[in-house]
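Here is the structure we will look at.
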Amino acid sequence: MAKLLKGQETALSISEGLGARVAKLKENDVIPRLAIVRLGENPSDISYEKGAIKRAALTEVEAEVFQLPQETSQDELLGLISKLNDDENIHGILIFRPLPKHIDDKVVKNALNPQKDVDGITDLSLSGVFADSDVGFPPCTAQACIEILEYYGIDIKGKRIVVIGRSLVIGKPVAMLMMKRNATISVCHRSTKPQDLKDLCRSADIILAAAGAAKNFGKDLAVSGQIIIDVGINVDENGKLCGDVDFEAVEPLVEAITPVPGGVGSVTTAVLMKHVVEAAERQSRLI
Ligand code: NAD
C-alpha cells in the first residue's frame with residue numbers, strides 16, 4: 001500500500017510555522033492582512049473563501065472580503081484594486097478568477113501590485129518565479145506541491161519528474177520551482193504523443209498530474225517506487241470529487257500518493273497565509 005501524502009498535515013505544519021513570524025510582526029505593530037476580491041456568487045469561489053477565512057483565523061492573519069456584483073464594470077474593479085494597492089494596511093490581495101466575460105482578465109490581473117500578489121497571477125510575479133527573484137509570489141497551488149514534498153522529506157534533487165499540464169497556475173510554475181530544487185523536469189501537455197507521455201511517466205521518479213482530466217492517468221503510466229502528486233480536482237461520473245490519477249488503480253503500485261480530496265487542495269490556503277505573512281514582512285522591511 002502506498003503512503004498517503006496528506007494535505008491537512010502539511011497545512012498544519014505550515015500554519016504552526018507562521019506563529020512566531022506573526023508574533024514578530026505584531027510586536028512591530030503590523031497585523032498581516034489579506035483582501036479577498038470576489039465578483040458574483042460562484043459556489044467554488046465561496047467554498048475556497050470560507051476555507052481561506054478559517055485558515056486566516058488559525059494563523060492570526062486578518063482577512064477581509066470585498067464582494068462585488070457579477071455585473072461590476074472593469075473600471076470599478078480597477079478602482080478597488082488601486083485602492084487596495086495603495087492601502088498600506090493591506091499586505092496581500094486575492095482575486096477570484098475567471099472574471100466575468102465583460103472584464104479583461106489580463107488588464108485586471110496586471111493592475112495588482114506584484115508585492116501584494118500573494119497568488120502569483122501577475123506577469124511580474126511569474127517572472128519572479130522564472131528569474132528566481134522575490135518580485136512577487138508563486139501561485140499557491142504550485143507552491144503547495146513543493147510544500148507537500150518538503151513536509152514528507154522527499155528530496156527531489158536529481159530526480160526525474162514529469163509534470164502533466166502547462167498552465168500558468170500550476171504546470172509551468174511548478175516545473176520552474178522544481179528545477180530550482182535541482183530536479184530534472186519534463187513537461188507534457190495535450191499535444192504530447194501518448195506513447196511519449198507513457199514512456200516519460202514510466203521512467204520518472206515523480207509524476208505530478210495537473211491536467212484537469214478525471215481519473216485519466218492509470219496504471220499503464222505508473223511503476224513501483226514512484227511518487228504521485230495529483231493536483232487535479234474533478235468530478236467523476238458519479239458526481240464524486242476525484243483527481244487526474246486513477247487512484248484505485250495506481251495507489252497499490254506506487255510508493256506514495258496524494259489523495260483527492262485531502263491532498264494538494266488542502267495545502268493551498270496555508271500557503272496563501274504564508275505568502276500574506278511574507279508580504280507583510282517585506283512591506284514592513286522586517287526581512
Ligand atoms: P488548465 O485547463 O488551465 O490546464 C490544463 C493543462 O493540462 C493544459 O496545459 C493541457 O494541455 C494539459 N492537459 C489536459 N489534458 C491532458 C491530457 N489528457 N494529457 C496531457 N496533458 C493534458 O487547468 P489548470 O487550471 O492548470 O488546472 C488543472 C487541474 O488542477 C484541474 O483539475 C483543476 O481543477 C486543478 N486545480 C487544483 C487546485 C488545487 O488547489 N489542488 C488549484 C487549481 C487547479
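Here, A, B, ... name the chains of the C-alpha cells in the order displayed, residue numbers run from 1 inside each chain, and ligands are numbered from 1 in the same displayed order.
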Find the residues of chain A that sit at most 6 Å from ligand 1; for each, write down the nearest two atoms and how far apart they are in Å, to one decimal. Count only C-alpha atoms and all ligand atoms. Sort by chain, then by number going up, and give it as CSV.
```
residue,atom,partner,partner_atom_place_in_ligand_line,distance
A:Thr141,CA,ligand 1,40 (O),5.1
A:Ile164,CA,ligand 1,21 (N),5.3
A:Gly165,CA,ligand 1,7 (O),3.3
A:Arg166,CA,ligand 1,9 (O),3.7
A:Ser167,CA,ligand 1,26 (O),4.5
A:Val169,CA,ligand 1,26 (O),5.5
A:Ile170,CA,ligand 1,26 (O),5.1
A:Cys188,CA,ligand 1,20 (C),5.7
A:His189,CA,ligand 1,21 (N),3.4
A:Arg190,CA,ligand 1,11 (O),3.9
A:Ala210,CA,ligand 1,28 (C),4.4
A:Ala211,CA,ligand 1,7 (O),3.3
A:Gly212,CA,ligand 1,32 (O),3.1
A:Ala213,CA,ligand 1,15 (N),5.5
A:Val231,CA,ligand 1,41 (N),4.6
A:Gly232,CA,ligand 1,32 (O),3.4
A:Ile233,CA,ligand 1,32 (O),4.0
A:Asn234,CA,ligand 1,32 (O),5.2
A:Val264,CA,ligand 1,41 (N),4.7
A:Gly265,CA,ligand 1,41 (N),3.5
A:Thr268,CA,ligand 1,40 (O),5.6
```
Taking C-alpha atoms for each residue, export the selection above as a PDB file, in the first residue's frame.
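What follows is the written file again_24.pdb:
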```
ATOM      1  CA  THR A 141      -1.137  25.639  -5.807  1.00  0.00           C
ATOM      2  CA  ILE A 164       1.481  16.822 -16.848  1.00  0.00           C
ATOM      3  CA  GLY A 165      -0.090  20.191 -17.724  1.00  0.00           C
ATOM      4  CA  ARG A 166       1.489  23.518 -18.661  1.00  0.00           C
ATOM      5  CA  SER A 167      -0.897  26.147 -17.289  1.00  0.00           C
ATOM      6  CA  VAL A 169      -1.367  28.376 -12.447  1.00  0.00           C
ATOM      7  CA  ILE A 170       0.342  25.026 -11.949  1.00  0.00           C
ATOM      8  CA  CYS A 188       3.767  17.123 -21.004  1.00  0.00           C
ATOM      9  CA  HIS A 189       0.526  18.579 -22.325  1.00  0.00           C
ATOM     10  CA  ARG A 190      -2.387  17.894 -24.654  1.00  0.00           C
ATOM     11  CA  ALA A 210      -2.201  18.872 -13.265  1.00  0.00           C
ATOM     12  CA  ALA A 211      -4.309  18.330 -16.369  1.00  0.00           C
ATOM     13  CA  GLY A 212      -7.907  18.591 -15.178  1.00  0.00           C
ATOM     14  CA  ALA A 213      -8.751  15.196 -16.698  1.00  0.00           C
ATOM     15  CA  VAL A 231      -3.258  18.277  -8.403  1.00  0.00           C
ATOM     16  CA  GLY A 232      -6.440  17.628 -10.365  1.00  0.00           C
ATOM     17  CA  ILE A 233      -9.783  18.424  -8.809  1.00  0.00           C
ATOM     18  CA  ASN A 234     -12.517  16.941 -10.964  1.00  0.00           C
ATOM     19  CA  VAL A 264      -2.694  19.366  -2.651  1.00  0.00           C
ATOM     20  CA  GLY A 265      -6.012  21.240  -2.399  1.00  0.00           C
ATOM     21  CA  THR A 268      -3.247  25.986  -0.770  1.00  0.00           C
TER      22      THR A 268
END
```
(request) Using CA of Asn238 in chain A and CA of Phe217 in chain A as the two end points, give the distance in Å to one decimal. (result) 18.0 Å
Expected answer as a JSON list (two decimals) with C-alpha atoms, in the first residue's frame: strand (DSSP E or B) residues in range 73-191 of chain A:
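What landed in selection_3.json:
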```
[["chain", "number", "residue", "atom", "x", "y", "z"],
["A", 92, "GLY", "CA", -1.95, 40.63, 0.19],
["A", 93, "ILE", "CA", -4.74, 40.62, -2.39],
["A", 94, "LEU", "CA", -6.52, 37.54, -3.74],
["A", 95, "ILE", "CA", -8.80, 38.00, -6.78],
["A", 160, "ARG", "CA", 13.28, 12.70, -12.87],
["A", 161, "ILE", "CA", 9.92, 14.46, -12.66],
["A", 162, "VAL", "CA", 7.14, 14.51, -15.23],
["A", 163, "VAL", "CA", 4.72, 17.41, -14.94],
["A", 164, "ILE", "CA", 1.48, 16.82, -16.85],
["A", 184, "THR", "CA", 15.19, 17.07, -14.00],
["A", 185, "ILE", "CA", 11.83, 18.08, -15.44],
["A", 186, "SER", "CA", 9.77, 17.00, -18.45],
["A", 187, "VAL", "CA", 6.56, 18.91, -19.11],
["A", 188, "CYS", "CA", 3.77, 17.12, -21.00]]
```
(message) When you look at Val118 in chain A with a cut-off of 9 Å (counting only C-alpha atoms), what residues show up, excluding the ones that are within fewer than 6 positions of it in the same chain? I need them as JSON, numbers by chain.
(response) {"A": [34, 91, 92, 93, 94, 125, 136, 137, 138, 139, 140, 272, 273, 274, 275, 276, 279]}
Write a file of the just-selected residues containing N, CA and C atoms, as a compact mmCIF listing (two decimals), in the first residue's frame.
```txt
# COMPACT_ATOMS: atom_id res chain seq x y z
N LEU A 34 -5.13 40.29 4.55
CA LEU A 34 -5.43 39.81 3.19
C LEU A 34 -6.76 40.38 2.74
N HIS A 91 -1.70 43.75 2.99
CA HIS A 91 -0.41 43.23 2.50
C HIS A 91 -0.57 42.26 1.34
N GLY A 92 -1.73 41.59 1.26
CA GLY A 92 -1.95 40.63 0.19
C GLY A 92 -3.33 40.78 -0.41
N ILE A 93 -3.43 40.52 -1.71
CA ILE A 93 -4.74 40.62 -2.39
C ILE A 93 -4.96 39.34 -3.18
N LEU A 94 -6.14 38.74 -2.97
CA LEU A 94 -6.52 37.54 -3.74
C LEU A 94 -7.74 37.91 -4.59
N SER A 125 4.90 38.68 -11.12
CA SER A 125 5.08 37.60 -10.12
C SER A 125 5.64 36.37 -10.80
N GLY A 136 7.43 38.96 -6.62
CA GLY A 136 6.05 38.65 -6.20
C GLY A 136 6.04 37.32 -5.49
N PHE A 137 5.06 36.48 -5.80
CA PHE A 137 4.95 35.16 -5.16
C PHE A 137 4.56 34.12 -6.21
N PRO A 138 4.96 32.86 -6.01
CA PRO A 138 4.48 31.82 -6.95
C PRO A 138 3.00 31.54 -6.69
N PRO A 139 2.29 31.01 -7.68
CA PRO A 139 0.90 30.64 -7.43
C PRO A 139 0.81 29.64 -6.25
N CYS A 140 -0.20 29.81 -5.41
CA CYS A 140 -0.30 28.99 -4.18
C CYS A 140 -0.32 27.49 -4.48
N LEU A 272 -1.28 30.32 1.06
CA LEU A 272 -1.76 31.70 0.89
C LEU A 272 -1.42 32.55 2.12
N MET A 273 -1.65 32.00 3.31
CA MET A 273 -1.35 32.74 4.54
C MET A 273 0.16 32.96 4.70
N LYS A 274 0.91 31.94 4.31
CA LYS A 274 2.38 32.09 4.37
C LYS A 274 2.82 33.26 3.49
N HIS A 275 2.21 33.35 2.31
CA HIS A 275 2.55 34.45 1.40
C HIS A 275 2.12 35.80 1.98
N VAL A 276 0.96 35.84 2.63
CA VAL A 276 0.50 37.12 3.21
C VAL A 276 1.47 37.56 4.31
N ALA A 279 4.54 38.77 2.69
CA ALA A 279 4.30 40.08 2.07
C ALA A 279 4.34 41.17 3.15
```
(request) Select, from A:Gly225, A:Gly51, A:Gly239, A:Pro261, the residue with the minimum atom-to-atom distance to Arg202 in chain A, counting only C-alpha atoms. (result) A:Gly225
Quick one: residues within 12 Å of Ile53 in chain A, only C-alpha atoms counted, chain neighbours fewer than 5 positions away excluded, as a CSV table (one decimal) with all heavy atoms, in the first residue's frame?
```
chain,number,residue,atom,x,y,z
A,33,ARG,N,-2.6,41.4,6.7
A,33,ARG,CA,-4.0,41.5,6.2
A,33,ARG,C,-4.1,41.1,4.8
A,33,ARG,O,-3.3,41.4,3.9
A,33,ARG,CB,-4.5,42.9,6.3
A,33,ARG,CG,-5.0,43.2,7.7
A,33,ARG,CD,-5.9,44.5,7.7
A,33,ARG,NE,-6.2,44.9,9.0
A,33,ARG,CZ,-5.4,45.6,9.8
A,33,ARG,NH1,-4.3,46.1,9.2
A,33,ARG,NH2,-5.7,45.9,11.0
A,34,LEU,N,-5.1,40.3,4.5
A,34,LEU,CA,-5.4,39.8,3.2
A,34,LEU,C,-6.8,40.4,2.7
A,34,LEU,O,-7.8,40.3,3.5
A,34,LEU,CB,-5.5,38.3,3.2
A,34,LEU,CG,-6.1,37.6,2.0
A,34,LEU,CD1,-5.1,37.7,0.8
A,34,LEU,CD2,-6.4,36.1,2.2
A,35,ALA,N,-6.8,40.9,1.5
A,35,ALA,CA,-8.1,41.4,0.9
A,35,ALA,C,-8.5,40.3,-0.1
A,35,ALA,O,-7.7,39.9,-0.9
A,35,ALA,CB,-7.9,42.7,0.2
A,36,ILE,N,-9.7,39.8,0.0
A,36,ILE,CA,-10.2,38.8,-0.9
A,36,ILE,C,-11.3,39.5,-1.8
A,36,ILE,O,-12.2,40.1,-1.3
A,36,ILE,CB,-10.9,37.6,-0.2
A,36,ILE,CG1,-9.8,37.0,0.7
A,36,ILE,CG2,-11.5,36.7,-1.2
A,36,ILE,CD1,-10.4,35.8,1.6
A,46,ILE,N,-16.9,30.7,-3.3
A,46,ILE,CA,-17.4,30.9,-1.9
A,46,ILE,C,-16.8,29.8,-1.0
A,46,ILE,O,-16.4,30.1,0.1
A,46,ILE,CB,-18.9,30.9,-1.9
A,46,ILE,CG1,-19.4,32.2,-2.6
A,46,ILE,CG2,-19.4,30.9,-0.5
A,46,ILE,CD1,-20.9,32.2,-2.9
A,47,SER,N,-16.7,28.6,-1.5
A,47,SER,CA,-16.2,27.5,-0.7
A,47,SER,C,-14.7,27.7,-0.4
A,47,SER,O,-14.2,27.6,0.7
A,47,SER,CB,-16.4,26.2,-1.5
A,47,SER,OG,-15.5,25.2,-1.1
A,48,TYR,N,-13.9,28.2,-1.4
A,48,TYR,CA,-12.5,28.4,-1.2
A,48,TYR,C,-12.3,29.6,-0.2
A,48,TYR,O,-11.5,29.6,0.7
A,48,TYR,CB,-11.8,28.8,-2.5
A,48,TYR,CG,-10.3,28.8,-2.4
A,48,TYR,CD1,-9.5,27.7,-2.4
A,48,TYR,CD2,-9.6,30.1,-2.2
A,48,TYR,CE1,-8.1,27.7,-2.2
A,48,TYR,CE2,-8.3,30.1,-2.1
A,48,TYR,CZ,-7.5,28.9,-2.1
A,48,TYR,OH,-6.1,29.0,-1.9
A,58,LEU,N,-6.9,30.9,12.0
A,58,LEU,CA,-5.9,29.9,12.6
A,58,LEU,C,-4.5,30.5,12.7
A,58,LEU,O,-3.8,30.2,13.6
A,58,LEU,CB,-6.0,28.6,11.8
A,58,LEU,CG,-5.5,27.4,12.4
A,58,LEU,CD1,-6.5,26.9,13.4
A,58,LEU,CD2,-5.3,26.3,11.4
A,59,THR,N,-4.2,31.3,11.7
A,59,THR,CA,-2.8,31.8,11.6
A,59,THR,C,-2.7,33.3,12.0
A,59,THR,O,-1.7,33.9,11.9
A,59,THR,CB,-2.3,31.7,10.1
A,59,THR,OG1,-3.3,32.1,9.2
A,59,THR,CG2,-2.0,30.3,9.8
A,60,GLU,N,-3.9,33.8,12.6
A,60,GLU,CA,-3.9,35.2,13.0
A,60,GLU,C,-3.6,36.2,11.9
A,60,GLU,O,-2.9,37.2,12.1
A,60,GLU,CB,-3.0,35.4,14.2
A,60,GLU,CG,-3.6,34.6,15.4
A,60,GLU,CD,-2.8,34.9,16.7
A,60,GLU,OE1,-2.7,36.1,17.1
A,60,GLU,OE2,-2.2,33.9,17.2
A,61,VAL,N,-4.0,35.9,10.7
A,61,VAL,CA,-4.0,36.8,9.6
A,61,VAL,C,-5.4,37.4,9.5
A,61,VAL,O,-6.4,36.7,9.7
A,61,VAL,CB,-3.6,36.1,8.3
A,61,VAL,CG1,-3.9,37.0,7.1
A,61,VAL,CG2,-2.2,35.6,8.3
A,62,GLU,N,-5.5,38.7,9.3
A,62,GLU,CA,-6.9,39.3,9.1
A,62,GLU,C,-7.3,39.2,7.7
A,62,GLU,O,-6.5,39.5,6.8
A,62,GLU,CB,-6.9,40.7,9.6
A,62,GLU,CG,-7.0,40.8,11.1
A,62,GLU,CD,-7.3,42.2,11.6
A,62,GLU,OE1,-7.6,43.1,10.8
A,62,GLU,OE2,-7.3,42.3,12.8
A,63,ALA,N,-8.5,38.7,7.4
A,63,ALA,CA,-8.9,38.6,6.1
A,63,ALA,C,-10.2,39.4,5.9
A,63,ALA,O,-11.1,39.3,6.7
A,63,ALA,CB,-9.2,37.1,5.7
A,64,GLU,N,-10.3,40.2,4.8
A,64,GLU,CA,-11.5,41.0,4.6
A,64,GLU,C,-12.0,40.7,3.2
A,64,GLU,O,-11.2,40.7,2.2
A,64,GLU,CB,-11.2,42.4,4.7
A,64,GLU,CG,-12.4,43.3,4.7
A,64,GLU,CD,-12.2,44.8,4.9
A,64,GLU,OE1,-11.0,45.1,5.3
A,64,GLU,OE2,-13.1,45.6,4.7
A,65,VAL,N,-13.3,40.4,3.1
A,65,VAL,CA,-13.8,40.0,1.7
A,65,VAL,C,-14.4,41.3,1.1
A,65,VAL,O,-15.2,42.0,1.8
A,65,VAL,CB,-14.9,38.9,1.9
A,65,VAL,CG1,-15.5,38.7,0.5
A,65,VAL,CG2,-14.3,37.7,2.4
A,94,LEU,N,-6.1,38.7,-3.0
A,94,LEU,CA,-6.5,37.5,-3.7
A,94,LEU,C,-7.7,37.9,-4.6
A,94,LEU,O,-8.7,38.4,-4.0
A,94,LEU,CB,-6.9,36.4,-2.8
A,94,LEU,CG,-7.4,35.1,-3.4
A,94,LEU,CD1,-6.3,34.3,-4.1
A,94,LEU,CD2,-8.2,34.3,-2.4
A,269,THR,N,-4.6,27.0,1.0
A,269,THR,CA,-4.9,28.2,1.9
A,269,THR,C,-3.8,28.5,2.9
A,269,THR,O,-3.5,29.6,3.3
A,269,THR,CB,-6.3,28.1,2.6
A,269,THR,OG1,-6.2,26.9,3.4
A,269,THR,CG2,-7.4,28.1,1.6
A,270,ALA,N,-3.1,27.4,3.3
A,270,ALA,CA,-2.0,27.6,4.3
A,270,ALA,C,-0.8,28.3,3.6
A,270,ALA,O,-0.2,29.2,4.1
A,270,ALA,CB,-1.5,26.2,4.8
A,272,LEU,N,-1.3,30.3,1.1
A,272,LEU,CA,-1.8,31.7,0.9
A,272,LEU,C,-1.4,32.5,2.1
A,272,LEU,O,-0.9,33.7,2.0
A,272,LEU,CB,-3.3,31.7,0.7
A,272,LEU,CG,-4.0,33.0,0.5
A,272,LEU,CD1,-3.5,33.7,-0.8
A,272,LEU,CD2,-5.5,32.8,0.4
A,273,MET,N,-1.7,32.0,3.3
A,273,MET,CA,-1.3,32.7,4.5
A,273,MET,C,0.2,33.0,4.7
A,273,MET,O,0.6,34.0,5.1
A,273,MET,CB,-1.9,32.0,5.8
A,273,MET,CG,-3.4,31.9,5.8
A,273,MET,SD,-4.3,33.4,5.3
A,273,MET,CE,-5.7,32.8,4.4
```
Given only C-alpha atoms, how would the per-residue table for range 158-254 of chain A near range 5-18 of chain A read, listing every residue at most 12 Å away with its closest atom pair and distance in Å to one decimal, sorted by chain and number, as a Markdown table?
```
| residue | atom | partner | partner_atom | distance |
| --- | --- | --- | --- | --- |
| A:Ile227 | CA | A:Leu5 | CA | 9.4 |
| A:Ile228 | CA | A:Leu5 | CA | 9.1 |
| A:Ile229 | CA | A:Leu5 | CA | 8.4 |
| A:Asp230 | CA | A:Leu5 | CA | 10.2 |
| A:Val231 | CA | A:Gly7 | CA | 11.2 |
| A:Glu251 | CA | A:Leu5 | CA | 11.5 |
```
